Amino acid sequence: MSGLRLVSNKFIPLTSWDHDFVVVNSRLVDDIPLPCLAAFDLLNPLDNSGHGWKATKGGGVIRNYGLDFTRTGGGGSTDFIASKDAVSVLCAVKPNTYDAFSTFLDCRNVTAGSGSGFCIDFSPNDRAVRVQVVYPSGTGVSYRSPTFVENEWNILCITLSSASLRIENQHGDVVPNEFTSPINITRWAIPMLMGQGVSGGTCDGSVGFFSVYDGYMTPAQRKSAIAVGKEIMASRA
């Protein structure tokens with residue numbers, strides 16, 4: 001079923017993913033300069049980069065803006081695994097409650113001695129959306145996005161390599177970090193999860209989209225990508 005799009009270049013919202021779909025054009029691919037490894041618009045289960053990855057909504061609830069997740073319903077998953085020297089991630093996430101942790105995206109391996117990957121979550125203690133990276137020891141370290149506004153989509157562009165991390169949000173806040181020793185956050189051991197954590201974390205919130213790119217975005221590219229992400233979510237309102 002190609003028909004997730006109108007001639008006005010907008011997706012048609014559906015209430016079920018139990019259909020046959022084909023890849024459609026996505027701004028997550030067309031409007032970002034780096035090669036796209038995976039583009040999950042989450043208005044259908046397909047990776048619209050054309051590389052053949054798929055999302056499974058699991059307990060996610062289909063909305064016209066993406067997927068909602070609840071603690072009782074459970075999370076979703078994908079079969080996408082990155083394996084590059086550097087990657088950039090663009091996503092839209094939003095917690096719906098603020099008194100407990102919510103895990104939006106997670107590809108961590110927290111096994112001691114082979115730790116890898118990262119997750120994006122909301123912390124009620126920090127009152128912030130965070131990126132948590134895992135060191136080879138299996139220990140995680142979190143970096144919080146400074147500005148958080150309730151009921152607002154958090155559009156994050158994250159650049160990752162074994163040596164450094166940059167997080168930028170829709171407010172223009174930039175969080176830089178240089179790692180003191182190499183860590184593995186760009187060659188994942190497990191596929192990306194949505195609305196759940198690898199260690200049992202849950203989510204009461206929403207994921208609008210996420211996409212992953214081959215390479216490390218420049219500051220100008222990050223800002224441009226965030227602008228695209230904001231426009232995508234505004235078009236779904």
# chains A, B, ... in the order shown; residues from 1 in each chain; ligands from 1
>>> select_by_dssp(residues="segment 107-190 of chain A", states="strand (DSSP E or B)", output="PyMOL selection string")
chain A and resi 109+116+118-123+128-134+140-144+154-161+164-168+174-178+187
>>> write_last_selection(atoms="C-alpha atoms", output="short mmCIF file (atom, residue, chain, number, x, y, z; two decimals), in the first residue's frame")
data_model
loop_
_atom_site.label_atom_id
_atom_site.label_comp_id
_atom_site.auth_asym_id
_atom_site.auth_seq_id
_atom_site.Cartn_x
_atom_site.Cartn_y
_atom_site.Cartn_z
CA ASN A 109 24.22 -3.14 25.65
CA SER A 116 27.84 -0.08 23.85
CA PHE A 118 22.98 4.87 23.89
CA CYS A 119 19.44 5.75 24.89
CA ILE A 120 17.23 8.83 24.93
CA ASP A 121 15.04 9.25 27.98
CA PHE A 122 13.25 11.70 30.25
CA SER A 123 14.42 12.06 33.84
CA ALA A 128 15.08 17.02 31.30
CA VAL A 129 15.36 14.86 28.22
CA ARG A 130 18.72 13.11 28.29
CA VAL A 131 21.11 11.07 26.18
CA GLN A 132 22.75 8.23 28.08
CA VAL A 133 25.86 6.59 26.63
CA VAL A 134 27.37 3.31 27.78
CA GLY A 140 26.11 4.60 31.73
CA VAL A 141 26.70 8.35 31.81
CA SER A 142 23.88 10.79 31.07
CA TYR A 143 23.96 14.19 29.36
CA ARG A 144 20.85 16.31 29.69
CA ASN A 154 11.74 17.80 21.88
CA ILE A 155 13.52 17.85 18.52
CA LEU A 156 17.03 16.55 19.11
CA CYS A 157 19.97 16.24 16.76
CA ILE A 158 22.73 14.10 18.25
CA THR A 159 26.13 13.46 16.70
CA LEU A 160 28.07 10.46 18.00
CA SER A 161 31.52 9.00 17.56
CA SER A 164 32.85 12.81 21.11
CA LEU A 165 29.19 13.64 21.51
CA ARG A 166 27.13 16.68 20.58
CA ILE A 167 23.47 17.18 21.52
CA GLU A 168 21.44 20.07 20.16
CA VAL A 174 24.23 22.56 22.55
CA VAL A 175 25.77 19.99 24.88
CA PRO A 176 29.35 19.08 23.88
CA ASN A 177 31.44 16.26 25.32
CA GLU A 178 34.82 14.76 24.51
CA ARG A 187 28.36 0.17 16.40
#
>>> closest_atom_pairs(of="segment 82-153 of chain A", to="segment 182-186 of chain A", cutoff="6 Å", atoms="only C-alpha atoms", output="tab-separated table")
residue	atom	partner	partner_atom	distance
A:Ser83	CA	A:Thr186	CA	5.9
A:Lys84	CA	A:Thr186	CA	5.7
A:Ala86	CA	A:Thr186	CA	5.9
A:Ser116	CA	A:Asn184	CA	4.9
A:Gly117	CA	A:Ile185	CA	4.1
A:Tyr135	CA	A:Ile183	CA	5.6
>>> residues_around(residues="Asp47 of chain A", least_positions_apart="3", cutoff="12 Å", atoms="only C-alpha atoms", output="VMD selection string")
chain A and resid 21 to 26 28 to 29 36 to 44 50 to 56 78 to 80 209 to 212
>>> write_last_selection(atoms="N, CA and C atoms", output="compact mmCIF listing (two decimals), in the first residue's frame")
# COMPACT_ATOMS: atom_id res chain seq x y z
N PHE A 21 2.75 -1.99 2.70
CA PHE A 21 3.21 -0.63 2.48
C PHE A 21 4.38 -0.63 1.50
N VAL A 22 4.61 0.51 0.88
CA VAL A 22 5.83 0.72 0.11
C VAL A 22 6.51 1.98 0.63
N VAL A 23 7.81 2.05 0.40
CA VAL A 23 8.58 3.21 0.82
C VAL A 23 8.09 4.46 0.09
N VAL A 24 7.99 5.55 0.83
CA VAL A 24 7.59 6.84 0.24
C VAL A 24 8.67 7.88 0.51
N ASN A 25 8.61 8.97 -0.22
CA ASN A 25 9.57 10.05 0.00
C ASN A 25 9.39 10.63 1.40
N SER A 26 10.49 10.95 2.02
CA SER A 26 10.46 11.51 3.37
C SER A 26 11.43 12.67 3.46
N LEU A 28 12.94 13.39 6.02
CA LEU A 28 14.05 12.90 6.82
C LEU A 28 15.18 12.38 5.94
N VAL A 29 14.86 12.05 4.71
CA VAL A 29 15.86 11.61 3.74
C VAL A 29 16.21 12.74 2.79
N CYS A 36 21.43 8.74 4.52
CA CYS A 36 20.49 8.26 5.54
C CYS A 36 20.61 6.74 5.66
N LEU A 37 20.86 6.28 6.87
CA LEU A 37 20.93 4.85 7.15
C LEU A 37 19.56 4.27 7.45
N ALA A 38 18.71 5.05 8.09
CA ALA A 38 17.35 4.61 8.42
C ALA A 38 16.50 5.84 8.70
N ALA A 39 15.26 5.83 8.22
CA ALA A 39 14.34 6.94 8.43
C ALA A 39 12.98 6.38 8.80
N PHE A 40 12.66 6.44 10.07
CA PHE A 40 11.37 5.96 10.57
C PHE A 40 10.46 7.15 10.84
N ASP A 41 9.59 7.47 9.88
CA ASP A 41 8.61 8.54 10.07
C ASP A 41 7.55 8.12 11.08
N LEU A 42 7.41 6.82 11.29
CA LEU A 42 6.47 6.23 12.26
C LEU A 42 5.01 6.55 11.96
N LEU A 43 4.73 6.85 10.69
CA LEU A 43 3.35 6.89 10.22
C LEU A 43 3.06 5.63 9.43
N ASN A 44 4.06 4.83 9.26
CA ASN A 44 3.96 3.47 8.75
C ASN A 44 5.13 2.69 9.34
N GLY A 50 14.73 3.42 2.34
CA GLY A 50 14.79 2.40 1.31
C GLY A 50 15.75 1.27 1.58
N HIS A 51 16.31 1.22 2.80
CA HIS A 51 17.27 0.16 3.13
C HIS A 51 16.62 -1.10 3.69
N GLY A 52 15.30 -1.05 3.84
CA GLY A 52 14.59 -2.29 4.17
C GLY A 52 14.37 -2.57 5.63
N TRP A 53 14.73 -1.65 6.51
CA TRP A 53 14.48 -1.85 7.93
C TRP A 53 12.99 -1.70 8.22
N LYS A 54 12.55 -2.24 9.34
CA LYS A 54 11.14 -2.14 9.71
C LYS A 54 10.98 -1.85 11.19
N ALA A 55 9.87 -1.19 11.50
CA ALA A 55 9.48 -0.94 12.89
C ALA A 55 8.29 -1.82 13.24
N THR A 56 8.25 -2.25 14.48
CA THR A 56 7.10 -2.97 15.02
C THR A 56 6.55 -2.13 16.16
N THR A 78 12.52 -1.99 16.47
CA THR A 78 12.91 -1.99 15.07
C THR A 78 13.94 -3.10 14.89
N ASP A 79 14.29 -3.36 13.64
CA ASP A 79 15.38 -4.30 13.37
C ASP A 79 16.65 -3.57 12.92
N PHE A 80 16.70 -2.25 13.14
CA PHE A 80 17.83 -1.45 12.68
C PHE A 80 18.99 -1.46 13.67
N PHE A 209 9.26 10.63 15.34
CA PHE A 209 10.07 10.03 14.29
C PHE A 209 11.47 9.85 14.83
N PHE A 210 12.26 9.03 14.16
CA PHE A 210 13.69 9.08 14.36
C PHE A 210 14.39 8.59 13.10
N SER A 211 15.55 9.18 12.86
CA SER A 211 16.34 8.85 11.68
C SER A 211 17.81 8.87 12.06
N VAL A 212 18.59 8.07 11.34
CA VAL A 212 20.01 7.92 11.64
C VAL A 212 20.79 8.10 10.34
>>> select_by_dssp(residues="segment 25-217 of chain A", states="alpha helix (DSSP H)", output="PDB file with all heavy atoms, in the first residue's frame")
ATOM      1  N   ARG A  27      11.023  13.722   4.133  1.00  0.00           N
ATOM      2  CA  ARG A  27      11.926  14.852   4.357  1.00  0.00           C
ATOM      3  C   ARG A  27      13.110  14.446   5.222  1.00  0.00           C
ATOM      4  O   ARG A  27      14.171  15.089   5.163  1.00  0.00           O
ATOM      5  CB  ARG A  27      11.167  16.011   5.010  1.00  0.00           C
ATOM      6  CG  ARG A  27      10.106  16.636   4.119  1.00  0.00           C
ATOM      7  CD  ARG A  27       9.627  17.954   4.705  1.00  0.00           C
ATOM      8  NE  ARG A  27      10.699  18.946   4.746  1.00  0.00           N
ATOM      9  CZ  ARG A  27      10.611  20.108   5.362  1.00  0.00           C
ATOM     10  NH1 ARG A  27       9.494  20.441   5.996  1.00  0.00           N
ATOM     11  NH2 ARG A  27      11.625  20.957   5.362  1.00  0.00           N
ATOM     12  N   LEU A  28      12.936  13.388   6.016  1.00  0.00           N
ATOM     13  CA  LEU A  28      14.053  12.899   6.822  1.00  0.00           C
ATOM     14  C   LEU A  28      15.183  12.384   5.943  1.00  0.00           C
ATOM     15  O   LEU A  28      16.333  12.295   6.388  1.00  0.00           O
ATOM     16  CB  LEU A  28      13.580  11.786   7.749  1.00  0.00           C
ATOM     17  CG  LEU A  28      12.553  12.180   8.807  1.00  0.00           C
ATOM     18  CD1 LEU A  28      12.073  10.953   9.568  1.00  0.00           C
ATOM     19  CD2 LEU A  28      13.122  13.220   9.771  1.00  0.00           C
ATOM     20  N   VAL A  29      14.863  12.045   4.714  1.00  0.00           N
ATOM     21  CA  VAL A  29      15.864  11.608   3.738  1.00  0.00           C
ATOM     22  C   VAL A  29      16.210  12.743   2.786  1.00  0.00           C
ATOM     23  O   VAL A  29      17.386  13.080   2.581  1.00  0.00           O
ATOM     24  CB  VAL A  29      15.356  10.391   2.942  1.00  0.00           C
ATOM     25  CG1 VAL A  29      16.397   9.941   1.928  1.00  0.00           C
ATOM     26  CG2 VAL A  29      14.982   9.245   3.877  1.00  0.00           C
ATOM     27  N   ASP A  30      15.190  13.357   2.210  1.00  0.00           N
ATOM     28  CA  ASP A  30      15.400  14.319   1.123  1.00  0.00           C
ATOM     29  C   ASP A  30      16.038  15.624   1.580  1.00  0.00           C
ATOM     30  O   ASP A  30      16.769  16.255   0.809  1.00  0.00           O
ATOM     31  CB  ASP A  30      14.066  14.636   0.440  1.00  0.00           C
ATOM     32  CG  ASP A  30      13.434  13.422  -0.207  1.00  0.00           C
ATOM     33  OD1 ASP A  30      14.160  12.431  -0.454  1.00  0.00           O
ATOM     34  OD2 ASP A  30      12.205  13.447  -0.446  1.00  0.00           O
TER      35      ASP A  30
END
>>> closest_residue(among="A:Asp204, A:Pro146, A:Thr139, A:Ser88", to="Pro219 of chain A", atoms="only C-alpha atoms")
A:Ser88
>>> residues_around(residues="Ser77 of chain A", least_positions_apart="5", cutoff="9 Å", atoms="only C-alpha atoms", output="list of chain:residue names")
A:Lys54, A:Ala55, A:Thr56, A:Lys57, A:Gly58, A:Pro191, A:Met192, A:Leu193, A:Met194, A:Gly195, A:Gln196
>>> atom_distance(atom1="atom CA of Asp99 of chain A", atom2="atom CA of Lys230 of chain A")
25.8 Å
>>> closest_residue(among="A:Ser199, A:Asn125, A:Thr97, A:Ser224", to="Gly172 of chain A", atoms="only C-alpha atoms")
A:Ser224
>>> decode(residues="segment 86-106 of chain A", atoms="N, CA, C and O atoms", output="mmCIF file, in the first residue's frame")
data_model
loop_
_atom_site.group_PDB
_atom_site.id
_atom_site.type_symbol
_atom_site.label_atom_id
_atom_site.label_comp_id
_atom_site.auth_asym_id
_atom_site.auth_seq_id
_atom_site.Cartn_x
_atom_site.Cartn_y
_atom_site.Cartn_z
ATOM 1 N N ALA A 86 30.918 6.970 12.768
ATOM 2 C CA ALA A 86 30.211 8.117 13.337
ATOM 3 C C ALA A 86 28.800 8.125 12.786
ATOM 4 O O ALA A 86 28.575 7.787 11.624
ATOM 5 N N VAL A 87 27.842 8.501 13.630
ATOM 6 C CA VAL A 87 26.454 8.614 13.190
ATOM 7 C C VAL A 87 25.844 9.883 13.763
ATOM 8 O O VAL A 87 26.297 10.409 14.784
ATOM 9 N N SER A 88 24.810 10.361 13.084
ATOM 10 C CA SER A 88 24.002 11.467 13.581
ATOM 11 C C SER A 88 22.556 10.991 13.675
ATOM 12 O O SER A 88 22.092 10.257 12.799
ATOM 13 N N VAL A 89 21.883 11.412 14.724
ATOM 14 C CA VAL A 89 20.514 10.976 14.992
ATOM 15 C C VAL A 89 19.626 12.209 15.085
ATOM 16 O O VAL A 89 19.971 13.183 15.778
ATOM 17 N N LEU A 90 18.483 12.164 14.406
ATOM 18 C CA LEU A 90 17.464 13.210 14.496
ATOM 19 C C LEU A 90 16.188 12.561 14.998
ATOM 20 O O LEU A 90 15.773 11.523 14.473
ATOM 21 N N CYS A 91 15.571 13.145 16.026
ATOM 22 C CA CYS A 91 14.359 12.518 16.565
ATOM 23 C C CYS A 91 13.439 13.568 17.177
ATOM 24 O O CYS A 91 13.850 14.693 17.478
ATOM 25 N N ALA A 92 12.182 13.151 17.345
ATOM 26 C CA ALA A 92 11.176 13.955 18.039
ATOM 27 C C ALA A 92 10.569 13.094 19.134
ATOM 28 O O ALA A 92 10.010 12.026 18.840
ATOM 29 N N VAL A 93 10.682 13.537 20.380
ATOM 30 C CA VAL A 93 10.166 12.771 21.521
ATOM 31 C C VAL A 93 9.464 13.715 22.488
ATOM 32 O O VAL A 93 9.779 14.908 22.557
ATOM 33 N N LYS A 94 8.534 13.152 23.262
ATOM 34 C CA LYS A 94 7.784 13.996 24.197
ATOM 35 C C LYS A 94 7.243 13.130 25.343
ATOM 36 O O LYS A 94 6.496 12.185 25.094
ATOM 37 N N PRO A 95 7.594 13.450 26.591
ATOM 38 C CA PRO A 95 6.953 12.744 27.704
ATOM 39 C C PRO A 95 5.541 13.268 27.923
ATOM 40 O O PRO A 95 5.264 14.449 27.698
ATOM 41 N N ASN A 96 4.661 12.383 28.349
ATOM 42 C CA ASN A 96 3.283 12.795 28.637
ATOM 43 C C ASN A 96 3.034 12.969 30.122
ATOM 44 O O ASN A 96 2.037 13.583 30.514
ATOM 45 N N THR A 97 3.895 12.410 30.960
ATOM 46 C CA THR A 97 3.869 12.641 32.401
ATOM 47 C C THR A 97 5.296 12.928 32.837
ATOM 48 O O THR A 97 6.260 12.608 32.130
ATOM 49 N N TYR A 98 5.429 13.495 34.044
ATOM 50 C CA TYR A 98 6.725 14.040 34.441
ATOM 51 C C TYR A 98 7.192 13.555 35.813
ATOM 52 O O TYR A 98 8.163 14.083 36.347
ATOM 53 N N ASP A 99 6.537 12.533 36.348
ATOM 54 C CA ASP A 99 6.870 12.055 37.687
ATOM 55 C C ASP A 99 7.633 10.737 37.682
ATOM 56 O O ASP A 99 7.882 10.152 38.727
ATOM 57 N N ALA A 100 8.017 10.237 36.499
ATOM 58 C CA ALA A 100 8.746 8.981 36.395
ATOM 59 C C ALA A 100 9.582 9.000 35.120
ATOM 60 O O ALA A 100 9.342 9.794 34.214
ATOM 61 N N PHE A 101 10.570 8.123 35.069
ATOM 62 C CA PHE A 101 11.421 8.019 33.886
ATOM 63 C C PHE A 101 10.621 7.491 32.700
ATOM 64 O O PHE A 101 9.751 6.635 32.854
ATOM 65 N N SER A 102 10.937 7.986 31.512
ATOM 66 C CA SER A 102 10.399 7.448 30.264
ATOM 67 C C SER A 102 11.553 7.227 29.303
ATOM 68 O O SER A 102 12.367 8.131 29.078
ATOM 69 N N THR A 103 11.639 6.025 28.743
ATOM 70 C CA THR A 103 12.672 5.703 27.764
ATOM 71 C C THR A 103 12.048 5.737 26.371
ATOM 72 O O THR A 103 11.133 4.972 26.086
ATOM 73 N N PHE A 104 12.572 6.609 25.518
ATOM 74 C CA PHE A 104 12.014 6.780 24.175
ATOM 75 C C PHE A 104 12.703 5.884 23.153
ATOM 76 O O PHE A 104 12.045 5.208 22.366
ATOM 77 N N LEU A 105 14.020 5.910 23.135
ATOM 78 C CA LEU A 105 14.810 5.129 22.180
ATOM 79 C C LEU A 105 15.974 4.500 22.927
ATOM 80 O O LEU A 105 16.600 5.153 23.775
ATOM 81 N N ASP A 106 16.294 3.242 22.604
ATOM 82 C CA ASP A 106 17.334 2.560 23.372
ATOM 83 C C ASP A 106 17.989 1.476 22.522
ATOM 84 O O ASP A 106 17.314 0.598 21.986
#
